[in-house]
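Down below is the structure, laid out as structure tokens.
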Amino acid sequence: MWKMLWPILMVVASNTIYNICSKSTPREVNGFASLTVTYTVAAVCAAALFYVTGEQKSLAAEPGRTNWTAWVLGPAIVGLEFGFLCVYRAGWKIKAISPPALRCPVCCWRWGFCSMERP
């Protein structure tokens, strides 16, 4: 049971923190500068978790094992993050934007526009 429960708890907690932080980012800071700081911190955390949890300890060898998804996910995440930053700066409330933004991918999956299965 815990194997199924902890990932969703992590998603819910992280999503809550994410939305609070996005909404609380100062308007005076350039959005891309803020994202640069954010992703620097994220990169350090990801590298540290790689060494803590990974069996293989050579991070330099890993990029060659990825496929196109790792490279396309980067710009997609920047688009999501900057989009949410702009949405919140435009005055949207967290409760107003999060459910619709989360429903869109679910609807695409439900109506068969994308597959959740791995090729």
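All residue names refer to the structure tokens as shown: chains lettered A, B, ... in order, residues numbered from 1 in each chain, ligands numbered from 1 in order.
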
DSSP-assigned helix (DSSP H, G or I) among chain A, expressed as an MDAnalysis selection string: chainID A and resid 2:24 31:53 59:61 63:65 68:89 94:110

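Considering the residues A:Trp6, A:Phe50, A:Arg89, A:Val44 and counting only C-alpha atoms, Pro26 (chain A) has its shortest atom-to-atom contact with A:Arg89.
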
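Proximity of A:Ser22, A:Phe32, A:Val37, A:Gln56 to Val87 (chain A), computed with only C-alpha atoms, is greatest for A:Ser22.
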
Spatial neighbours of Asn19 (chain A), 10 Å, only C-alpha atoms, chain gap at least 5 places, as an MDAnalysis selection string: chainID A and resid 14 24 84:85 88 93:95 97:98

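Using only C-alpha atoms for every distance, the candidate list A:Ala96, A:Ala13, A:Ala90, A:Ile77 yields A:Ile77 as the residue closest to Tyr39 (chain A).
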
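Atom pair CA of Val78 (chain A) / CA of Cys21 (chain A) has a distance of 15.3 Å (rounded to one decimal).
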
All residues 10 Å or closer to Cys86 (chain A), only C-alpha atoms, same chain fewer than 3 positions away omitted, as a VMD selection string: chain A and resid 22 to 23 27 31 80 to 83 89 to 92

Take the residues just selected and output them with N, CA and C atoms as a CSV table (one decimal), in the first residue's frame.
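What ended up in again.csv:
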chain,number,residue,atom,x,y,z
A,22,SER,N,4.9,29.8,-6.7
A,22,SER,CA,4.7,30.5,-7.9
A,22,SER,C,3.8,31.8,-7.7
A,23,LYS,N,2.8,31.7,-6.9
A,23,LYS,CA,1.9,32.8,-6.6
A,23,LYS,C,2.7,33.9,-5.8
A,27,ARG,N,6.7,40.3,-8.1
A,27,ARG,CA,6.4,40.9,-9.5
A,27,ARG,C,7.6,41.6,-10.0
A,31,GLY,N,10.9,37.1,-14.6
A,31,GLY,CA,10.4,35.7,-14.5
A,31,GLY,C,11.5,34.7,-14.9
A,80,LEU,N,5.7,25.8,-19.0
A,80,LEU,CA,4.7,25.7,-17.9
A,80,LEU,C,5.0,26.6,-16.7
A,81,GLU,N,6.2,26.7,-16.3
A,81,GLU,CA,6.6,27.5,-15.2
A,81,GLU,C,6.4,29.0,-15.5
A,82,PHE,N,6.8,29.4,-16.6
A,82,PHE,CA,6.7,30.8,-17.0
A,82,PHE,C,5.2,31.2,-17.2
A,83,GLY,N,4.5,30.2,-17.8
A,83,GLY,CA,3.0,30.4,-18.0
A,83,GLY,C,2.3,30.6,-16.7
A,89,ARG,N,0.6,36.4,-12.0
A,89,ARG,CA,0.9,37.9,-12.0
A,89,ARG,C,-0.3,38.6,-12.7
A,90,ALA,N,-1.1,37.9,-13.5
A,90,ALA,CA,-2.3,38.6,-14.1
A,90,ALA,C,-3.4,38.6,-13.2
A,91,GLY,N,-3.3,38.0,-12.0
A,91,GLY,CA,-4.3,38.1,-11.0
A,91,GLY,C,-5.2,36.8,-10.8
A,92,TRP,N,-4.9,35.8,-11.5
A,92,TRP,CA,-5.7,34.5,-11.3
A,92,TRP,C,-5.4,34.0,-9.8
